[in-house]
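Colleague: Shown below is the structure under consideration.
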Amino acid sequence: VGLPEIMDRLLQQHAIQPMIVVMPNSFNRFGGSFYANSALSGGWEDFIVRDLISYIDAHYRTQPQAGSRGIAGHSMGGYGALRIGMDHPEVFSAAYGMSPCCSYWDEQQDRPGVVKAQRAKTLNEIFQAGMGPQVDLALAAAFSPDLANPPFGVDWPFDAKGQPVPAVVVRWKSNLLDEITAHYAAGQPRLHALGFDVGRFDENSDIVTGARKLDHEMTRLGIPHTYS
């Protein structure tokens, strides 16, 4: 059963109000956009917030205001939903992330994949090297693009020996949910609803740890939210 069937059933059962569900394809040649604006991989945050919403409002019978829009996603999409929701509470009134990634900086998690990715000369080599190097390349393309740095046009947060590169680490950290949360806490307006969930036995332990850390950080900052 796919989402259209689930939505139709919920509507027939009067469990939800009528709504338009929009599911953009936000993958790219690096395997994922991470919904960031990047000189290398594209302006994905702007695409969602400006281009996509403008198109939907122009072509469908919408209620074109923030109070009638929400954003949600899973894994990379969960990260994107929380990131874009907190970055743009003037556009969305609700944001929900299911098993969101990229909540906090974890050197131990990213170091092996980054070091391995630097040995590759082509995208195909990185994809063949496994999930870790591929994800780290996608993160680098989104968070630390450097068009003058071949072969991939990115700067890496660790060098070939696994030592942190502080200037690049700062760029990655600024894109993670804990720092985005801090900026959101200091600003206005606020989302009417903000939440996220994670499975206790998610195969990615960093996502479980990250969700718990994000819950603690939002609680510390006094940000109303739900966490399950």
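Every chain in the structure tokens has a letter given in the order shown (A, B, ...), and although residue numbers restart at 1 in each chain, ligands are simply numbered from 1 in the order shown.
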Excluding Thr219 of chain A and any residue of its chain fewer than 5 positions from it, enumerate the residues within 12 Å of it, using only C-alpha atoms, and give them as a PDB file with N, CA and C atoms, in the first residue's frame.
Modeller:
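Saved as around-v2.pdb:
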ATOM      1  N   ASP A 178      21.459  20.759  15.583  1.00  0.00           N
ATOM      2  CA  ASP A 178      21.609  21.410  16.881  1.00  0.00           C
ATOM      3  C   ASP A 178      21.932  22.897  16.731  1.00  0.00           C
ATOM      4  N   THR A 181      18.870  24.668  15.405  1.00  0.00           N
ATOM      5  CA  THR A 181      17.939  24.835  16.526  1.00  0.00           C
ATOM      6  C   THR A 181      18.284  26.067  17.349  1.00  0.00           C
ATOM      7  N   ALA A 182      19.573  26.301  17.576  1.00  0.00           N
ATOM      8  CA  ALA A 182      19.991  27.464  18.356  1.00  0.00           C
ATOM      9  C   ALA A 182      19.597  28.763  17.654  1.00  0.00           C
ATOM     10  N   ALA A 185      15.845  29.181  17.997  1.00  0.00           N
ATOM     11  CA  ALA A 185      15.443  29.591  19.346  1.00  0.00           C
ATOM     12  C   ALA A 185      15.619  31.086  19.560  1.00  0.00           C
ATOM     13  N   GLY A 195       8.002  18.658  15.686  1.00  0.00           N
ATOM     14  CA  GLY A 195       8.176  17.370  16.316  1.00  0.00           C
ATOM     15  C   GLY A 195       9.042  16.423  15.503  1.00  0.00           C
ATOM     16  N   ARG A 212      17.783  11.960  20.443  1.00  0.00           N
ATOM     17  CA  ARG A 212      17.761  12.203  21.898  1.00  0.00           C
ATOM     18  C   ARG A 212      18.489  13.493  22.242  1.00  0.00           C
ATOM     19  N   LYS A 213      19.631  13.706  21.610  1.00  0.00           N
ATOM     20  CA  LYS A 213      20.380  14.943  21.859  1.00  0.00           C
ATOM     21  C   LYS A 213      19.570  16.164  21.419  1.00  0.00           C
ATOM     22  N   LEU A 214      18.882  16.038  20.274  1.00  0.00           N
ATOM     23  CA  LEU A 214      18.096  17.158  19.772  1.00  0.00           C
ATOM     24  C   LEU A 214      16.933  17.462  20.707  1.00  0.00           C
ATOM     25  N   PRO A 224       9.085  24.669  22.302  1.00  0.00           N
ATOM     26  CA  PRO A 224       7.994  23.686  22.355  1.00  0.00           C
ATOM     27  C   PRO A 224       8.131  22.688  21.202  1.00  0.00           C
ATOM     28  N   HIS A 225       8.046  21.413  21.524  1.00  0.00           N
ATOM     29  CA  HIS A 225       8.164  20.374  20.510  1.00  0.00           C
ATOM     30  C   HIS A 225       7.650  19.057  21.072  1.00  0.00           C
ATOM     31  N   THR A 226       7.443  18.095  20.197  1.00  0.00           N
ATOM     32  CA  THR A 226       7.112  16.751  20.626  1.00  0.00           C
ATOM     33  C   THR A 226       8.203  15.808  20.159  1.00  0.00           C
ATOM     34  N   TYR A 227       8.501  14.811  20.988  1.00  0.00           N
ATOM     35  CA  TYR A 227       9.532  13.820  20.644  1.00  0.00           C
ATOM     36  C   TYR A 227       9.031  12.461  21.083  1.00  0.00           C
TER      37      TYR A 227
END
Colleague: Per residue of segment 127-199 of chain A within 10 Å of segment 108-118 of chain A, which atom pair is closest and at what distance in Å (one decimal), using only C-alpha atoms, listed by chain and increasing number, as JSON lines?
Modeller:
{"residue": "A:Phe127", "atom": "CA", "partner": "A:Ala117", "partner_atom": "CA", "distance": 9.2}
{"residue": "A:Ala129", "atom": "CA", "partner": "A:Ala117", "partner_atom": "CA", "distance": 7.7}
{"residue": "A:Gly130", "atom": "CA", "partner": "A:Gly113", "partner_atom": "CA", "distance": 8.6}
{"residue": "A:Met131", "atom": "CA", "partner": "A:Gly113", "partner_atom": "CA", "distance": 8.3}
{"residue": "A:Gly132", "atom": "CA", "partner": "A:Gly113", "partner_atom": "CA", "distance": 4.7}
{"residue": "A:Pro133", "atom": "CA", "partner": "A:Gly113", "partner_atom": "CA", "distance": 4.2}
{"residue": "A:Gln134", "atom": "CA", "partner": "A:Ala117", "partner_atom": "CA", "distance": 7.4}
{"residue": "A:Val135", "atom": "CA", "partner": "A:Gly113", "partner_atom": "CA", "distance": 8.0}
{"residue": "A:Asp136", "atom": "CA", "partner": "A:Val114", "partner_atom": "CA", "distance": 5.9}
{"residue": "A:Leu137", "atom": "CA", "partner": "A:Ala117", "partner_atom": "CA", "distance": 7.0}
{"residue": "A:Leu139", "atom": "CA", "partner": "A:Val114", "partner_atom": "CA", "distance": 9.9}
{"residue": "A:Ala140", "atom": "CA", "partner": "A:Val114", "partner_atom": "CA", "distance": 9.0}
{"residue": "A:Pro151", "atom": "CA", "partner": "A:Gln118", "partner_atom": "CA", "distance": 9.5}
{"residue": "A:Phe152", "atom": "CA", "partner": "A:Gln118", "partner_atom": "CA", "distance": 9.4}
{"residue": "A:Trp156", "atom": "CA", "partner": "A:Val114", "partner_atom": "CA", "distance": 6.9}
{"residue": "A:Pro157", "atom": "CA", "partner": "A:Val114", "partner_atom": "CA", "distance": 7.6}
{"residue": "A:Phe158", "atom": "CA", "partner": "A:Arg111", "partner_atom": "CA", "distance": 6.6}
{"residue": "A:Asp159", "atom": "CA", "partner": "A:Val115", "partner_atom": "CA", "distance": 6.9}
{"residue": "A:Ala160", "atom": "CA", "partner": "A:Val115", "partner_atom": "CA", "distance": 5.4}
{"residue": "A:Lys161", "atom": "CA", "partner": "A:Val115", "partner_atom": "CA", "distance": 7.1}
{"residue": "A:Gly162", "atom": "CA", "partner": "A:Val115", "partner_atom": "CA", "distance": 6.1}
{"residue": "A:Gln163", "atom": "CA", "partner": "A:Arg111", "partner_atom": "CA", "distance": 8.5}
{"residue": "A:Pro164", "atom": "CA", "partner": "A:Arg111", "partner_atom": "CA", "distance": 8.5}
Colleague: Keeping N, CA and C atoms, export the residues of the selection given above as an mmCIF file, in the first residue's frame.
Modeller:
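Final output, saved to part-v1.cif:
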data_model
loop_
_atom_site.group_PDB
_atom_site.id
_atom_site.type_symbol
_atom_site.label_atom_id
_atom_site.label_comp_id
_atom_site.auth_asym_id
_atom_site.auth_seq_id
_atom_site.Cartn_x
_atom_site.Cartn_y
_atom_site.Cartn_z
ATOM 1 N N PHE A 127 30.690 5.296 -4.911
ATOM 2 C CA PHE A 127 29.472 4.520 -4.743
ATOM 3 C C PHE A 127 29.791 3.054 -4.487
ATOM 4 N N ALA A 129 32.357 2.034 -2.899
ATOM 5 C CA ALA A 129 33.053 1.918 -1.610
ATOM 6 C C ALA A 129 32.092 1.752 -0.440
ATOM 7 N N GLY A 130 30.792 1.921 -0.667
ATOM 8 C CA GLY A 130 29.827 1.701 0.404
ATOM 9 C C GLY A 130 29.075 2.946 0.802
ATOM 10 N N MET A 131 28.138 2.738 1.726
ATOM 11 C CA MET A 131 27.223 3.795 2.138
ATOM 12 C C MET A 131 27.944 4.966 2.805
ATOM 13 N N GLY A 132 28.933 4.654 3.667
ATOM 14 C CA GLY A 132 29.611 5.720 4.407
ATOM 15 C C GLY A 132 30.264 6.752 3.513
ATOM 16 N N PRO A 133 31.175 6.346 2.613
ATOM 17 C CA PRO A 133 31.809 7.320 1.722
ATOM 18 C C PRO A 133 30.820 8.060 0.837
ATOM 19 N N GLN A 134 29.785 7.367 0.364
ATOM 20 C CA GLN A 134 28.803 8.011 -0.511
ATOM 21 C C GLN A 134 28.041 9.095 0.239
ATOM 22 N N VAL A 135 27.592 8.790 1.467
ATOM 23 C CA VAL A 135 26.875 9.788 2.263
ATOM 24 C C VAL A 135 27.779 10.969 2.585
ATOM 25 N N ASP A 136 29.032 10.690 2.920
ATOM 26 C CA ASP A 136 29.939 11.787 3.276
ATOM 27 C C ASP A 136 30.252 12.672 2.071
ATOM 28 N N LEU A 137 30.307 12.101 0.875
ATOM 29 C CA LEU A 137 30.473 12.940 -0.311
ATOM 30 C C LEU A 137 29.244 13.824 -0.512
ATOM 31 N N LEU A 139 27.213 14.860 1.765
ATOM 32 C CA LEU A 139 27.272 15.900 2.803
ATOM 33 C C LEU A 139 28.273 16.990 2.433
ATOM 34 N N ALA A 140 29.444 16.576 1.927
ATOM 35 C CA ALA A 140 30.458 17.554 1.535
ATOM 36 C C ALA A 140 29.965 18.421 0.378
ATOM 37 N N PRO A 151 38.992 16.062 -7.287
ATOM 38 C CA PRO A 151 38.137 15.767 -8.440
ATOM 39 C C PRO A 151 36.647 15.962 -8.196
ATOM 40 N N PHE A 152 36.245 16.177 -6.931
ATOM 41 C CA PHE A 152 34.813 16.210 -6.636
ATOM 42 C C PHE A 152 34.267 17.610 -6.372
ATOM 43 N N TRP A 156 36.948 18.583 2.494
ATOM 44 C CA TRP A 156 36.643 17.505 3.432
ATOM 45 C C TRP A 156 36.906 17.948 4.877
ATOM 46 N N PRO A 157 36.085 17.493 5.848
ATOM 47 C CA PRO A 157 36.301 17.890 7.248
ATOM 48 C C PRO A 157 37.439 17.143 7.935
ATOM 49 N N PHE A 158 37.990 16.114 7.252
ATOM 50 C CA PHE A 158 39.176 15.410 7.749
ATOM 51 C C PHE A 158 40.156 15.280 6.601
ATOM 52 N N ASP A 159 41.450 15.295 6.921
ATOM 53 C CA ASP A 159 42.436 15.085 5.867
ATOM 54 C C ASP A 159 42.623 13.593 5.630
ATOM 55 N N ALA A 160 43.534 13.251 4.738
ATOM 56 C CA ALA A 160 43.716 11.857 4.350
ATOM 57 C C ALA A 160 44.207 10.990 5.507
ATOM 58 N N LYS A 161 44.763 11.614 6.553
ATOM 59 C CA LYS A 161 45.225 10.871 7.721
ATOM 60 C C LYS A 161 44.172 10.839 8.832
ATOM 61 N N GLY A 162 43.025 11.437 8.586
ATOM 62 C CA GLY A 162 41.951 11.405 9.572
ATOM 63 C C GLY A 162 41.980 12.530 10.575
ATOM 64 N N GLN A 163 42.815 13.548 10.328
ATOM 65 C CA GLN A 163 42.883 14.681 11.244
ATOM 66 C C GLN A 163 41.829 15.723 10.860
ATOM 67 N N PRO A 164 41.136 16.310 11.851
ATOM 68 C CA PRO A 164 40.107 17.302 11.539
ATOM 69 C C PRO A 164 40.699 18.526 10.829
#
Colleague: Taking 5 positions as the minimum chain separation for residues in the same chain, which residues sit within 12 Å of Pro189 of chain A when counting only C-alpha atoms? Answer as a PyMOL selection string.
Modeller: chain A and resi 66+85-93+183-184
Colleague: Any chance you could list, as an MDAnalysis selection string, the residues in segment 66-107 of chain A that come up helix (DSSP H, G or I) when DSSP is run on the backbone?
Modeller: chainID A and resid 66:68 76:87 107
Colleague: When you look at Ala81 of chain A with a cut-off of 6 Å (counting only C-alpha atoms), what residues show up, excluding the ones that are within fewer than 4 positions of it in the same chain? I need them as a ChimeraX atom specification.
Modeller: /A:71-73,77,85,95,97
Colleague: Using only C-alpha atoms, which of A:Gly70, A:Pro64, A:Gly80, A:Pro145 sits nearest Trp44 of chain A?
Modeller: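 Of the candidates, the smallest distance to Trp44 of chain A is held by A:Gly80.
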Colleague: Near Gly42 of chain A, counting only C-alpha atoms, which residues have an atom at most 12 Å away, once you skip same-chain residues fewer than 4 positions from it, shown as a compact mmCIF listing (two decimals) with N, CA and C atoms, in the first residue's frame?
Modeller:
# COMPACT_ATOMS: atom_id res chain seq x y z
N SER A 26 14.30 14.94 -4.37
CA SER A 26 15.41 15.81 -4.02
C SER A 26 16.76 15.09 -4.02
N PHE A 27 16.85 14.02 -4.80
CA PHE A 27 18.14 13.36 -4.99
C PHE A 27 18.90 14.05 -6.13
N ASN A 28 20.18 13.82 -6.16
CA ASN A 28 21.03 14.38 -7.21
C ASN A 28 22.14 13.39 -7.53
N ARG A 29 23.10 13.80 -8.32
CA ARG A 29 24.13 12.85 -8.75
C ARG A 29 25.04 12.41 -7.61
N PHE A 30 24.98 13.10 -6.47
CA PHE A 30 25.77 12.70 -5.31
C PHE A 30 25.00 11.73 -4.40
N GLY A 32 22.11 12.52 -2.81
CA GLY A 32 21.23 13.22 -1.88
C GLY A 32 21.60 14.68 -1.76
N SER A 33 20.60 15.52 -1.66
CA SER A 33 20.82 16.98 -1.64
C SER A 33 21.01 17.52 -0.23
N PHE A 34 20.46 16.83 0.77
CA PHE A 34 20.41 17.31 2.15
C PHE A 34 19.75 18.69 2.25
N TYR A 35 18.99 19.05 1.24
CA TYR A 35 18.11 20.23 1.27
C TYR A 35 18.86 21.51 1.61
N ALA A 36 20.13 21.57 1.23
CA ALA A 36 20.94 22.76 1.46
C ALA A 36 21.14 23.52 0.16
N ASN A 37 21.44 24.79 0.26
CA ASN A 37 21.84 25.58 -0.90
C ASN A 37 23.34 25.42 -1.09
N SER A 38 23.74 24.87 -2.23
CA SER A 38 25.14 24.57 -2.48
C SER A 38 25.53 25.04 -3.88
N ASP A 46 16.19 26.66 -1.42
CA ASP A 46 15.44 27.65 -2.20
C ASP A 46 14.43 26.97 -3.11
N PHE A 47 14.80 25.83 -3.68
CA PHE A 47 13.88 25.10 -4.55
C PHE A 47 12.59 24.75 -3.81
N ILE A 48 12.73 24.22 -2.58
CA ILE A 48 11.55 23.84 -1.81
C ILE A 48 10.75 25.07 -1.41
N ALA A 138 28.06 13.25 -0.35
CA ALA A 138 26.84 14.04 -0.49
C ALA A 138 26.79 15.16 0.54
N ALA A 141 29.28 17.81 -0.59
CA ALA A 141 28.75 18.57 -1.71
C ALA A 141 27.73 19.59 -1.23
N ALA A 142 26.96 19.23 -0.20
CA ALA A 142 25.93 20.13 0.33
C ALA A 142 26.50 21.18 1.28
N PHE A 143 27.42 20.77 2.16
CA PHE A 143 27.85 21.63 3.26
C PHE A 143 29.17 22.34 3.02
N PRO A 145 31.06 22.81 -0.34
CA PRO A 145 31.48 22.78 -1.74
C PRO A 145 32.70 23.66 -1.97
Colleague: Could you state the separation of atom CA of Ser228 of chain A and atom CA of Val49 of chain A in Å, given to one decimal place?
Modeller: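 It comes out at 26.9 Å.
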Colleague: I'd like the interatomic distance between atom CA of Phe196 of chain A and atom CA of Tyr96 of chain A, to a tenth of an Å.
Modeller: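 Between atom CA of Phe196 of chain A and atom CA of Tyr96 of chain A the gap works out to 5.3 Å.
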Colleague: Figure out the distance between atom CA of Met98 of chain A and atom CA of Val154 of chain A, please, to one decimal in Å.
Modeller: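 Between atom CA of Val154 of chain A and atom CA of Met98 of chain A the gap works out to 28.4 Å.
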